[in-house]
Amino acid sequence: MKPIDKIRNVAIIAHIDHGKTTLIDSIFRAAHVFRDNARIVERVMDNNDLERERGITIRAKHCTVEWKGYLINIIDTPGHADFSGEVERVLSMVDSVLLLVDANEGPMPQTRYVLMRALRAGLRPIVIINKVDRPHANPVGALDKTFDLFFTLGATEEQCDFVTLYGSGLHGWLSRSPEGGPEQGMDALFETIVEHVPAPKGDPDAPFLMQVSTLGWRDHIGRTGTGRILQGRLRKGMDITRWATRRLDTGTDFAPAMEWEVVESTPERAVHTWVTRGLDTVVAHELGAGDIVTIAGPKELNIGDTLSAPELEECALPPLDIEEPTVSMMFLTNNGPFAGREGRAVTLRQLQLRLTRELRANVALRVEDVGRMDAVKVSGRGELHLAILIEEMRREGMEFCVSAPEIITREDALGHVSEPMEELIIDIMQEHQGVVIEKISQRKGELTGMFTGGTGMTRLEFRIPMRGLIGYRSEFLTDTRGLGIMASRFIGYGPWCGEISGRNRGSMISLDTGDATGYSLENLQERGTLFISPMSPVYAGMIIGENARPGDLICNPTKRKALTNHRASNKDQTVTFNVPRTLTLDAAIEWVAPDELVEVTPAAIRVRKALLDHESRKKAERRLAVAEG
């Protein structure tokens, strides 16, 4: 157990893809966490396949390094806005943050959000201008924009007097000036952390007290809670008290409730206690103030619960905020003709069991029974939040369907409807700004800022309803020839912005079941964009492509050419096919219309109509037309 003055707790925060996880790789190498001959993969903190494939950190992770007798706890936080709520809770465990800013892009939407949270928590950030060795890097400009951001967010004079380091996390060096190089290593970072990050506060001899900041799950043990010991000592097997709290419903859409109350206090026991050393989780028998510990034993553990020594009374701490969901989707059992071919077609009960297991640690998720025998409603922070869950379930071998995402609105006592709003920042070539502004305006986006740099790129800032961004990403990449960059973050609820026109192209819907033929697809590719190739299996009601015009196109992709005695032997040798558009899970979720579903299996992603039978769809359309008058 380290003395409290030899402990430093720090989190790394940044916008997505600004280099947090890569920087930690270099910290590990500099602190000799691994053997010299050990084979180390890149982005070692991104320890699951989805994080590596997508290049993002999905869940906050804790690691520890030792440097010259100091124990430095480092928490790698998510950079995507859909997982931003976890950043807020992590800040309660640390005494400072390393704010990474890309030397080329400068502060981005998530940079603003995480910095605002750090400043409100009273932390003094250490700014790291990363990727200074990249072409077009402008470290001085990035620093100026970062300082302006500090000022805009209301930082105190002490917070504005931040320490700045420059360097390259990828190449493993940081310096106090931009003119550095790999030969300088990471010593400047360690020295800055030890010198400028305050040691944890807390009396090691006082009764034990901590607050649960993040949740986890271990098979055969149950739910675990992680937090920082605020005072006292914790011993494995020690009797403790759990205090559960909740906020009172006195807040608004833009100001959270500040009043809270204790719900219950229960006697518990710290059956298991762990700490992190390097990347490994090890059993700890005694821990002191300042240590970050993971605990198991209490039957119930929730975010914000206070754990204390039994002799402490009325010691509950204010609850931590849990982000509310803004997007919902229906998760349905797969009733298509291919169900069970490529994976395990799950029943509603199996679907609910899997989602219940997810709720143990995914605190921003909500699952609601809507009274249907084949579906449940799942709500999350955004499309990516739900897409990650769907992909994890798919890789576990499950087959099911999901609906198009819908935003979650709110209604006040006067009947006024509000909806989630986003701050959108776009970097594009100047020749593309006209079409982008036009498209976003059609989606109720409001241009709030325009900045032109010296590299031919223009930065556009918008305020836009979240539903205006659903389905826009693929259109944006097409309009900008794949060269545009867009990033957004949730900024709260705003007045309903009116109707937004949806997809302006229809679907090509198969009328038959079988294998697609080259003869039929040759004609269909002239009518739109195909999602399938010759010999792909299709079924009635499955969507095989995007119609070039509004409205759905009913077709038979299994139709074969009739053979005659006069057929030329080389007739089909000149047939050419366009490369079909491959729908990824994210692209399919963005593309589908409200009356369509995404069929998810371990081997394929398909899109289909919710009602597979053509006649049933026509009857449903007539009933809807009558209902609408």
# chains A, B, ... in the order shown; residues from 1 in each chain; ligands from 1

call {"tool": "residues_around", "arguments": {"residues": "Val283 in chain A", "least_positions_apart": "6", "cutoff": "9 Å", "atoms": "only C-alpha atoms", "output": "ChimeraX atom specification"}}
result
/A:236,272-276

call {"tool": "residues_around", "arguments": {"residues": "range 116-125 of chain A", "least_positions_apart": "4", "cutoff": "7 Å", "atoms": "only C-alpha atoms", "output": "MDAnalysis selection string"}}
result
chainID A and resid 88 91 95:99 112 153 155 159 162

call {"tool": "write_last_selection", "arguments": {"atoms": "N, CA and C atoms", "output": "compact mmCIF listing (two decimals), in the first residue's frame"}}
result
# COMPACT_ATOMS: atom_id res chain seq x y z
N GLU A 88 -17.92 11.65 -17.37
CA GLU A 88 -18.34 12.43 -16.20
C GLU A 88 -18.08 11.68 -14.91
N LEU A 91 -14.38 11.26 -13.81
CA LEU A 91 -13.74 12.46 -13.24
C LEU A 91 -13.85 12.51 -11.72
N ASP A 95 -7.72 13.45 -9.91
CA ASP A 95 -7.39 14.78 -9.40
C ASP A 95 -6.93 15.72 -10.50
N SER A 96 -6.79 15.22 -11.71
CA SER A 96 -6.45 16.05 -12.85
C SER A 96 -6.74 15.26 -14.12
N VAL A 97 -6.68 15.94 -15.25
CA VAL A 97 -6.89 15.27 -16.54
C VAL A 97 -5.80 15.69 -17.52
N LEU A 98 -5.46 14.77 -18.40
CA LEU A 98 -4.61 15.08 -19.54
C LEU A 98 -5.54 15.33 -20.72
N LEU A 99 -5.62 16.56 -21.18
CA LEU A 99 -6.49 16.91 -22.30
C LEU A 99 -5.69 16.85 -23.59
N ARG A 112 -14.74 19.92 -26.28
CA ARG A 112 -15.47 20.95 -25.54
C ARG A 112 -16.25 20.33 -24.39
N LEU A 153 -15.48 28.54 -21.75
CA LEU A 153 -16.16 27.64 -20.81
C LEU A 153 -16.11 28.16 -19.37
N ALA A 155 -13.39 29.00 -17.42
CA ALA A 155 -12.32 28.51 -16.55
C ALA A 155 -11.81 29.62 -15.64
N GLN A 159 -7.14 27.69 -13.58
CA GLN A 159 -7.31 26.65 -14.60
C GLN A 159 -6.77 27.10 -15.95
N PHE A 162 -2.64 26.70 -17.45
CA PHE A 162 -2.36 25.27 -17.57
C PHE A 162 -0.97 25.00 -18.13

call {"tool": "residues_around", "arguments": {"residues": "Ala30 in chain A", "least_positions_apart": "2", "cutoff": "10 Å", "atoms": "only C-alpha atoms", "output": "number ranges by chain"}}
result
A: 24-28, 32-34, 65, 67, 172-173, 185-187, 190

call {"tool": "residues_around", "arguments": {"residues": "Tyr70 in chain A", "least_positions_apart": "4", "cutoff": "10 Å", "atoms": "only C-alpha atoms", "output": "JSON, numbers by chain"}}
result
{"A": [2, 3, 4, 5, 6, 7, 8, 65, 66, 190, 194]}

call {"tool": "write_last_selection", "arguments": {"atoms": "N, CA and C atoms", "output": "PDB file, in the first residue's frame"}}
result
ATOM      1  N   LYS A   2       0.690   2.074  -1.051  1.00  0.00           N
ATOM      2  CA  LYS A   2       1.504   3.282  -1.199  1.00  0.00           C
ATOM      3  C   LYS A   2       1.023   4.393  -0.264  1.00  0.00           C
ATOM      4  N   PRO A   3       1.937   5.204   0.270  1.00  0.00           N
ATOM      5  CA  PRO A   3       1.504   6.405   1.001  1.00  0.00           C
ATOM      6  C   PRO A   3       0.711   7.306   0.066  1.00  0.00           C
ATOM      7  N   ILE A   4      -0.247   8.037   0.621  1.00  0.00           N
ATOM      8  CA  ILE A   4      -1.146   8.822  -0.210  1.00  0.00           C
ATOM      9  C   ILE A   4      -0.413   9.902  -0.994  1.00  0.00           C
ATOM     10  N   ASP A   5       0.721  10.414  -0.457  1.00  0.00           N
ATOM     11  CA  ASP A   5       1.452  11.455  -1.183  1.00  0.00           C
ATOM     12  C   ASP A   5       2.266  10.897  -2.341  1.00  0.00           C
ATOM     13  N   LYS A   6       2.302   9.570  -2.503  1.00  0.00           N
ATOM     14  CA  LYS A   6       3.003   8.941  -3.622  1.00  0.00           C
ATOM     15  C   LYS A   6       2.037   8.417  -4.682  1.00  0.00           C
ATOM     16  N   ILE A   7       0.773   8.821  -4.596  1.00  0.00           N
ATOM     17  CA  ILE A   7      -0.250   8.379  -5.553  1.00  0.00           C
ATOM     18  C   ILE A   7      -0.682   9.566  -6.407  1.00  0.00           C
ATOM     19  N   ARG A   8      -0.847   9.320  -7.691  1.00  0.00           N
ATOM     20  CA  ARG A   8      -1.387  10.326  -8.610  1.00  0.00           C
ATOM     21  C   ARG A   8      -2.497   9.663  -9.433  1.00  0.00           C
ATOM     22  N   VAL A  65       0.874   2.642 -13.678  1.00  0.00           N
ATOM     23  CA  VAL A  65       2.312   2.561 -13.935  1.00  0.00           C
ATOM     24  C   VAL A  65       3.050   3.116 -12.720  1.00  0.00           C
ATOM     25  N   GLU A  66       4.271   2.653 -12.526  1.00  0.00           N
ATOM     26  CA  GLU A  66       5.117   3.157 -11.445  1.00  0.00           C
ATOM     27  C   GLU A  66       6.297   3.892 -12.062  1.00  0.00           C
ATOM     28  N   PHE A 190       5.870  12.316 -17.249  1.00  0.00           N
ATOM     29  CA  PHE A 190       5.898  11.812 -15.868  1.00  0.00           C
ATOM     30  C   PHE A 190       6.256  12.926 -14.875  1.00  0.00           C
ATOM     31  N   VAL A 194       3.740  14.247 -11.812  1.00  0.00           N
ATOM     32  CA  VAL A 194       4.156  14.231 -10.410  1.00  0.00           C
ATOM     33  C   VAL A 194       4.151  15.637  -9.819  1.00  0.00           C
TER      34      VAL A 194
END

call {"tool": "residues_around", "arguments": {"residues": "Ile292 in chain A", "least_positions_apart": "3", "cutoff": "7 Å", "atoms": "only C-alpha atoms", "output": "PyMOL selection string"}}
result
chain A and resi 227-229+275

call {"tool": "write_last_selection", "arguments": {"atoms": "all heavy atoms", "output": "JSON list (two decimals), in the first residue's frame"}}
result
[["chain", "number", "residue", "atom", "x", "y", "z"],
["A", 227, "GLY", "N", -14.31, 2.53, -7.68],
["A", 227, "GLY", "CA", -14.27, 3.91, -7.24],
["A", 227, "GLY", "C", -12.99, 4.20, -6.48],
["A", 227, "GLY", "O", -12.16, 3.31, -6.27],
["A", 228, "ARG", "N", -12.82, 5.45, -6.08],
["A", 228, "ARG", "CA", -11.64, 5.85, -5.32],
["A", 228, "ARG", "C", -11.97, 5.91, -3.83],
["A", 228, "ARG", "O", -13.03, 6.41, -3.45],
["A", 228, "ARG", "CB", -11.14, 7.23, -5.78],
["A", 228, "ARG", "CG", -9.89, 7.68, -5.05],
["A", 228, "ARG", "CD", -9.35, 8.96, -5.61],
["A", 228, "ARG", "NE", -10.23, 10.10, -5.36],
["A", 228, "ARG", "CZ", -9.91, 11.36, -5.65],
["A", 228, "ARG", "NH1", -8.76, 11.63, -6.22],
["A", 228, "ARG", "NH2", -10.76, 12.33, -5.41],
["A", 229, "ILE", "N", -11.07, 5.38, -3.03],
["A", 229, "ILE", "CA", -11.24, 5.46, -1.59],
["A", 229, "ILE", "C", -10.99, 6.91, -1.16],
["A", 229, "ILE", "O", -9.90, 7.45, -1.37],
["A", 229, "ILE", "CB", -10.28, 4.50, -0.86],
["A", 229, "ILE", "CG1", -10.58, 3.05, -1.28],
["A", 229, "ILE", "CG2", -10.41, 4.65, 0.64],
["A", 229, "ILE", "CD1", -9.64, 2.04, -0.67],
["A", 275, "VAL", "N", -7.23, -4.39, -7.26],
["A", 275, "VAL", "CA", -6.63, -3.18, -7.80],
["A", 275, "VAL", "C", -5.98, -3.51, -9.12],
["A", 275, "VAL", "O", -5.79, -4.69, -9.46],
["A", 275, "VAL", "CB", -5.59, -2.55, -6.84],
["A", 275, "VAL", "CG1", -6.24, -2.03, -5.60],
["A", 275, "VAL", "CG2", -4.49, -3.55, -6.52]]

call {"tool": "residues_around", "arguments": {"residues": "Leu521 in chain A", "least_positions_apart": "5", "cutoff": "9 Å", "atoms": "only C-alpha atoms", "output": "list in words"}}
result
Ala516, Glu526, Leu530, Ile532, Ser533, Pro534, Pro557, Thr558, Lys559 and Phe577 of chain A

call {"tool": "atom_distance", "arguments": {"atom1": "CA of Ala270 in chain A", "atom2": "CA of Gly288 in chain A"}}
result
14.2 Å

call {"tool": "residues_around", "arguments": {"residues": "Val212 in chain A", "least_positions_apart": "5", "cutoff": "12 Å", "atoms": "only C-alpha atoms", "output": "JSON, numbers by chain"}}
result
{"A": [89, 90, 92, 93, 223, 224, 225, 226, 227, 228, 229, 230, 242, 243, 244, 245, 292, 293, 294, 295, 296, 298, 300, 301, 302, 303, 304, 305, 306, 307, 308, 316, 317, 318, 319, 320, 321]}

call {"tool": "select_by_dssp", "arguments": {"residues": "range 347-465 of chain A", "states": "strand (DSSP E or B)", "output": "JSON, numbers by chain"}}
result
{"A": [366, 367, 368, 375, 376, 377, 378, 379, 380, 398, 399, 400, 401, 402, 403, 406, 407, 410, 411, 417, 418, 419, 420, 421, 422, 423, 424, 425, 426, 427, 428, 429, 446, 447, 448, 449, 450, 451, 452, 457, 458, 459, 460, 461, 462, 463, 464, 465]}

call {"tool": "write_last_selection", "arguments": {"atoms": "N, CA and C atoms", "output": "short mmCIF file (atom, residue, chain, number, x, y, z; two decimals), in the first residue's frame"}}
result
data_model
loop_
_atom_site.label_atom_id
_atom_site.label_comp_id
_atom_site.auth_asym_id
_atom_site.auth_seq_id
_atom_site.Cartn_x
_atom_site.Cartn_y
_atom_site.Cartn_z
N ARG A 366 -31.60 1.36 -21.60
CA ARG A 366 -32.93 1.12 -21.04
C ARG A 366 -33.61 0.06 -21.88
N VAL A 367 -34.30 -0.88 -21.23
CA VAL A 367 -35.07 -1.92 -21.92
C VAL A 367 -36.49 -1.86 -21.41
N GLU A 368 -37.43 -1.78 -22.35
CA GLU A 368 -38.84 -1.58 -21.99
C GLU A 368 -39.71 -2.62 -22.67
N ALA A 375 -41.15 -8.55 -29.52
CA ALA A 375 -40.24 -7.41 -29.53
C ALA A 375 -40.16 -6.73 -28.18
N VAL A 376 -39.02 -6.06 -27.93
CA VAL A 376 -38.84 -5.17 -26.79
C VAL A 376 -38.24 -3.87 -27.31
N LYS A 377 -38.43 -2.81 -26.55
CA LYS A 377 -37.90 -1.51 -26.93
C LYS A 377 -36.61 -1.25 -26.17
N VAL A 378 -35.55 -0.92 -26.89
CA VAL A 378 -34.24 -0.68 -26.29
C VAL A 378 -33.84 0.77 -26.60
N SER A 379 -33.45 1.50 -25.56
CA SER A 379 -33.09 2.91 -25.72
C SER A 379 -31.66 3.13 -25.26
N GLY A 380 -30.95 4.02 -25.95
CA GLY A 380 -29.55 4.31 -25.62
C GLY A 380 -29.21 5.75 -25.93
N MET A 398 -26.09 -14.73 -32.17
CA MET A 398 -27.54 -14.51 -32.12
C MET A 398 -28.06 -13.96 -33.44
N GLU A 399 -29.28 -14.37 -33.79
CA GLU A 399 -30.01 -13.85 -34.94
C GLU A 399 -31.24 -13.11 -34.45
N PHE A 400 -31.44 -11.90 -34.92
CA PHE A 400 -32.63 -11.12 -34.55
C PHE A 400 -32.77 -9.97 -35.53
N CYS A 401 -33.79 -9.16 -35.35
CA CYS A 401 -34.03 -8.00 -36.21
C CYS A 401 -34.12 -6.74 -35.35
N VAL A 402 -33.78 -5.61 -35.96
CA VAL A 402 -33.91 -4.32 -35.28
C VAL A 402 -34.59 -3.34 -36.21
N SER A 403 -35.32 -2.40 -35.63
CA SER A 403 -36.04 -1.41 -36.42
C SER A 403 -35.17 -0.18 -36.65
N GLU A 406 -35.38 5.74 -33.58
CA GLU A 406 -36.29 6.87 -33.37
C GLU A 406 -35.77 7.71 -32.21
N ILE A 407 -35.88 9.02 -32.34
CA ILE A 407 -35.42 9.88 -31.25
C ILE A 407 -36.49 9.93 -30.16
N ARG A 410 -39.61 14.83 -25.50
CA ARG A 410 -40.17 15.15 -24.19
C ARG A 410 -41.31 16.14 -24.38
N GLU A 411 -42.24 16.09 -23.46
CA GLU A 411 -43.39 17.01 -23.53
C GLU A 411 -43.61 17.63 -22.16
N VAL A 417 -43.49 20.20 -27.19
CA VAL A 417 -42.60 19.05 -27.44
C VAL A 417 -41.18 19.54 -27.65
N SER A 418 -40.23 18.88 -27.01
CA SER A 418 -38.82 19.18 -27.23
C SER A 418 -38.12 17.92 -27.70
N GLU A 419 -37.00 18.09 -28.38
CA GLU A 419 -36.27 16.97 -28.96
C GLU A 419 -34.77 17.15 -28.74
N PRO A 420 -33.99 16.05 -28.82
CA PRO A 420 -32.53 16.14 -28.62
C PRO A 420 -31.88 16.98 -29.73
N MET A 421 -30.97 17.85 -29.32
CA MET A 421 -30.24 18.69 -30.26
C MET A 421 -28.76 18.35 -30.23
N GLU A 422 -28.09 18.54 -31.35
CA GLU A 422 -26.67 18.23 -31.46
C GLU A 422 -25.90 19.44 -31.96
N GLU A 423 -24.66 19.55 -31.49
CA GLU A 423 -23.70 20.47 -32.09
C GLU A 423 -22.91 19.68 -33.13
N LEU A 424 -22.94 20.14 -34.36
CA LEU A 424 -22.30 19.42 -35.46
C LEU A 424 -21.16 20.26 -36.02
N ILE A 425 -19.98 19.66 -36.13
CA ILE A 425 -18.83 20.34 -36.74
C ILE A 425 -18.38 19.53 -37.95
N ILE A 426 -18.22 20.21 -39.05
CA ILE A 426 -17.86 19.56 -40.32
C ILE A 426 -16.62 20.23 -40.90
N ASP A 427 -15.64 19.42 -41.31
CA ASP A 427 -14.46 19.91 -42.03
C ASP A 427 -14.53 19.37 -43.45
N ILE A 428 -14.59 20.27 -44.43
CA ILE A 428 -14.74 19.86 -45.83
C ILE A 428 -13.89 20.76 -46.72
N MET A 429 -13.68 20.29 -47.97
CA MET A 429 -13.06 21.14 -48.97
C MET A 429 -14.03 22.27 -49.34
N GLU A 446 -29.02 24.58 -38.38
CA GLU A 446 -28.80 26.03 -38.39
C GLU A 446 -27.30 26.32 -38.33
N LEU A 447 -26.79 27.01 -39.34
CA LEU A 447 -25.36 27.33 -39.40
C LEU A 447 -25.04 28.36 -38.32
N THR A 448 -24.10 28.01 -37.44
CA THR A 448 -23.72 28.92 -36.35
C THR A 448 -22.31 29.47 -36.49
N GLY A 449 -21.51 28.91 -37.38
CA GLY A 449 -20.16 29.41 -37.54
C GLY A 449 -19.50 28.83 -38.78
N MET A 450 -18.59 29.62 -39.39
CA MET A 450 -17.84 29.17 -40.56
C MET A 450 -16.42 29.73 -40.45
N PHE A 451 -15.44 28.83 -40.59
CA PHE A 451 -14.04 29.23 -40.46
C PHE A 451 -13.25 28.62 -41.61
N THR A 452 -12.42 29.41 -42.25
CA THR A 452 -11.61 28.95 -43.37
C THR A 452 -10.15 28.99 -42.99
N MET A 457 -9.40 23.92 -46.57
CA MET A 457 -10.49 23.29 -45.83
C MET A 457 -11.34 24.36 -45.14
N THR A 458 -12.62 24.09 -45.04
CA THR A 458 -13.55 24.98 -44.35
C THR A 458 -14.19 24.22 -43.20
N ARG A 459 -14.29 24.87 -42.05
CA ARG A 459 -14.98 24.26 -40.90
C ARG A 459 -16.34 24.93 -40.74
N LEU A 460 -17.39 24.12 -40.75
CA LEU A 460 -18.75 24.59 -40.57
C LEU A 460 -19.28 24.08 -39.24
N GLU A 461 -19.97 24.95 -38.50
CA GLU A 461 -20.56 24.57 -37.22
C GLU A 461 -22.07 24.77 -37.31
N PHE A 462 -22.81 23.74 -36.87
CA PHE A 462 -24.27 23.78 -36.96
C PHE A 462 -24.89 23.40 -35.62
N ARG A 463 -26.12 23.82 -35.44
CA ARG A 463 -26.99 23.30 -34.39
C ARG A 463 -28.13 22.60 -35.11
N ILE A 464 -28.32 21.30 -34.83
CA ILE A 464 -29.22 20.49 -35.64
C ILE A 464 -29.95 19.48 -34.76
N PRO A 465 -31.21 19.17 -35.06
CA PRO A 465 -31.89 18.11 -34.31
C PRO A 465 -31.19 16.77 -34.54
#

call {"tool": "closest_residue", "arguments": {"among": "A:Ser501, A:Phe338, A:Pro405, A:Val435", "to": "Gly541 in chain A", "atoms": "only C-alpha atoms"}}
result
A:Phe338

call {"tool": "select_by_dssp", "arguments": {"residues": "range 126-183 of chain A", "states": "helix (DSSP H, G or I)", "output": "PyMOL selection string"}}
result
chain A and resi 139-152+157-160+182-183

call {"tool": "atom_distance", "arguments": {"atom1": "CA of Val87 in chain A", "atom2": "CA of Gln231 in chain A"}}
result
22.8 Å

call {"tool": "atom_distance", "arguments": {"atom1": "CA of Ile408 in chain A", "atom2": "CA of Gly382 in chain A"}}
result
10.3 Å

call {"tool": "closest_residue", "arguments": {"among": "A:Asn334, A:Trp591, A:Ser441, A:Asp161", "to": "Thr347 in chain A", "atoms": "only C-alpha atoms"}}
result
A:Asn334

call {"tool": "closest_residue", "arguments": {"among": "A:Ala387, A:Cys160, A:Leu170, A:Ala137", "to": "Lys20 in chain A", "atoms": "only C-alpha atoms"}}
result
A:Leu170

call {"tool": "closest_residue", "arguments": {"among": "A:Asn523, A:Asn547, A:Thr584, A:Asn335", "to": "Arg560 in chain A", "atoms": "only C-alpha atoms"}}
result
A:Asn523

call {"tool": "decode", "arguments": {"residues": "range 112-120 of chain A", "atoms": "all heavy atoms", "output": "PDB file, in the first residue's frame"}}
result
ATOM      1  N   ARG A 112     -14.738  19.923 -26.281  1.00  0.00           N
ATOM      2  CA  ARG A 112     -15.471  20.950 -25.537  1.00  0.00           C
ATOM      3  C   ARG A 112     -16.254  20.330 -24.390  1.00  0.00           C
ATOM      4  O   ARG A 112     -16.245  20.833 -23.266  1.00  0.00           O
ATOM      5  CB  ARG A 112     -16.427  21.681 -26.496  1.00  0.00           C
ATOM      6  CG  ARG A 112     -17.211  22.800 -25.860  1.00  0.00           C
ATOM      7  CD  ARG A 112     -18.227  23.360 -26.828  1.00  0.00           C
ATOM      8  NE  ARG A 112     -18.901  24.533 -26.272  1.00  0.00           N
ATOM      9  CZ  ARG A 112     -18.524  25.770 -26.456  1.00  0.00           C
ATOM     10  NH1 ARG A 112     -17.480  26.035 -27.201  1.00  0.00           N
ATOM     11  NH2 ARG A 112     -19.209  26.770 -25.915  1.00  0.00           N
ATOM     12  N   TYR A 113     -16.909  19.207 -24.655  1.00  0.00           N
ATOM     13  CA  TYR A 113     -17.749  18.589 -23.642  1.00  0.00           C
ATOM     14  C   TYR A 113     -16.927  18.078 -22.459  1.00  0.00           C
ATOM     15  O   TYR A 113     -17.230  18.375 -21.301  1.00  0.00           O
ATOM     16  CB  TYR A 113     -18.540  17.434 -24.268  1.00  0.00           C
ATOM     17  CG  TYR A 113     -19.382  16.689 -23.267  1.00  0.00           C
ATOM     18  CD1 TYR A 113     -20.633  17.170 -22.897  1.00  0.00           C
ATOM     19  CD2 TYR A 113     -18.911  15.531 -22.673  1.00  0.00           C
ATOM     20  CE1 TYR A 113     -21.394  16.502 -21.961  1.00  0.00           C
ATOM     21  CE2 TYR A 113     -19.669  14.859 -21.731  1.00  0.00           C
ATOM     22  CZ  TYR A 113     -20.921  15.347 -21.389  1.00  0.00           C
ATOM     23  OH  TYR A 113     -21.656  14.685 -20.453  1.00  0.00           O
ATOM     24  N   VAL A 114     -15.879  17.285 -22.756  1.00  0.00           N
ATOM     25  CA  VAL A 114     -15.107  16.694 -21.659  1.00  0.00           C
ATOM     26  C   VAL A 114     -14.343  17.765 -20.882  1.00  0.00           C
ATOM     27  O   VAL A 114     -14.183  17.661 -19.665  1.00  0.00           O
ATOM     28  CB  VAL A 114     -14.145  15.599 -22.181  1.00  0.00           C
ATOM     29  CG1 VAL A 114     -14.927  14.427 -22.740  1.00  0.00           C
ATOM     30  CG2 VAL A 114     -13.194  16.140 -23.242  1.00  0.00           C
ATOM     31  N   LEU A 115     -13.885  18.804 -21.565  1.00  0.00           N
ATOM     32  CA  LEU A 115     -13.200  19.886 -20.861  1.00  0.00           C
ATOM     33  C   LEU A 115     -14.170  20.633 -19.945  1.00  0.00           C
ATOM     34  O   LEU A 115     -13.829  20.976 -18.805  1.00  0.00           O
ATOM     35  CB  LEU A 115     -12.563  20.850 -21.861  1.00  0.00           C
ATOM     36  CG  LEU A 115     -11.868  22.069 -21.254  1.00  0.00           C
ATOM     37  CD1 LEU A 115     -10.757  21.653 -20.306  1.00  0.00           C
ATOM     38  CD2 LEU A 115     -11.322  22.985 -22.350  1.00  0.00           C
ATOM     39  N   MET A 116     -15.377  20.878 -20.432  1.00  0.00           N
ATOM     40  CA  MET A 116     -16.372  21.558 -19.610  1.00  0.00           C
ATOM     41  C   MET A 116     -16.621  20.775 -18.318  1.00  0.00           C
ATOM     42  O   MET A 116     -16.693  21.352 -17.226  1.00  0.00           O
ATOM     43  CB  MET A 116     -17.681  21.703 -20.392  1.00  0.00           C
ATOM     44  CG  MET A 116     -18.824  22.303 -19.596  1.00  0.00           C
ATOM     45  SD  MET A 116     -20.365  22.348 -20.551  1.00  0.00           S
ATOM     46  CE  MET A 116     -20.713  20.586 -20.702  1.00  0.00           C
ATOM     47  N   ARG A 117     -16.733  19.456 -18.431  1.00  0.00           N
ATOM     48  CA  ARG A 117     -16.969  18.624 -17.248  1.00  0.00           C
ATOM     49  C   ARG A 117     -15.777  18.671 -16.292  1.00  0.00           C
ATOM     50  O   ARG A 117     -15.940  18.711 -15.070  1.00  0.00           O
ATOM     51  CB  ARG A 117     -17.256  17.187 -17.685  1.00  0.00           C
ATOM     52  CG  ARG A 117     -18.621  17.008 -18.335  1.00  0.00           C
ATOM     53  CD  ARG A 117     -19.714  17.315 -17.341  1.00  0.00           C
ATOM     54  NE  ARG A 117     -21.028  17.253 -17.946  1.00  0.00           N
ATOM     55  CZ  ARG A 117     -22.163  17.480 -17.284  1.00  0.00           C
ATOM     56  NH1 ARG A 117     -22.106  17.809 -16.005  1.00  0.00           N
ATOM     57  NH2 ARG A 117     -23.321  17.411 -17.876  1.00  0.00           N
ATOM     58  N   ALA A 118     -14.568  18.646 -16.846  1.00  0.00           N
ATOM     59  CA  ALA A 118     -13.374  18.689 -15.996  1.00  0.00           C
ATOM     60  C   ALA A 118     -13.277  20.023 -15.262  1.00  0.00           C
ATOM     61  O   ALA A 118     -12.939  20.076 -14.072  1.00  0.00           O
ATOM     62  CB  ALA A 118     -12.127  18.446 -16.840  1.00  0.00           C
ATOM     63  N   LEU A 119     -13.587  21.113 -15.963  1.00  0.00           N
ATOM     64  CA  LEU A 119     -13.517  22.432 -15.325  1.00  0.00           C
ATOM     65  C   LEU A 119     -14.574  22.581 -14.234  1.00  0.00           C
ATOM     66  O   LEU A 119     -14.316  23.133 -13.163  1.00  0.00           O
ATOM     67  CB  LEU A 119     -13.691  23.529 -16.384  1.00  0.00           C
ATOM     68  CG  LEU A 119     -12.586  23.628 -17.441  1.00  0.00           C
ATOM     69  CD1 LEU A 119     -12.942  24.685 -18.478  1.00  0.00           C
ATOM     70  CD2 LEU A 119     -11.236  23.928 -16.815  1.00  0.00           C
ATOM     71  N   ARG A 120     -15.766  22.059 -14.499  1.00  0.00           N
ATOM     72  CA  ARG A 120     -16.833  22.146 -13.494  1.00  0.00           C
ATOM     73  C   ARG A 120     -16.489  21.323 -12.252  1.00  0.00           C
ATOM     74  O   ARG A 120     -16.933  21.649 -11.154  1.00  0.00           O
ATOM     75  CB  ARG A 120     -18.153  21.657 -14.084  1.00  0.00           C
ATOM     76  CG  ARG A 120     -18.780  22.631 -15.056  1.00  0.00           C
ATOM     77  CD  ARG A 120     -20.123  22.124 -15.551  1.00  0.00           C
ATOM     78  NE  ARG A 120     -20.720  23.038 -16.510  1.00  0.00           N
ATOM     79  CZ  ARG A 120     -21.871  22.802 -17.137  1.00  0.00           C
ATOM     80  NH1 ARG A 120     -22.540  21.678 -16.899  1.00  0.00           N
ATOM     81  NH2 ARG A 120     -22.359  23.677 -17.993  1.00  0.00           N
TER      82      ARG A 120
END
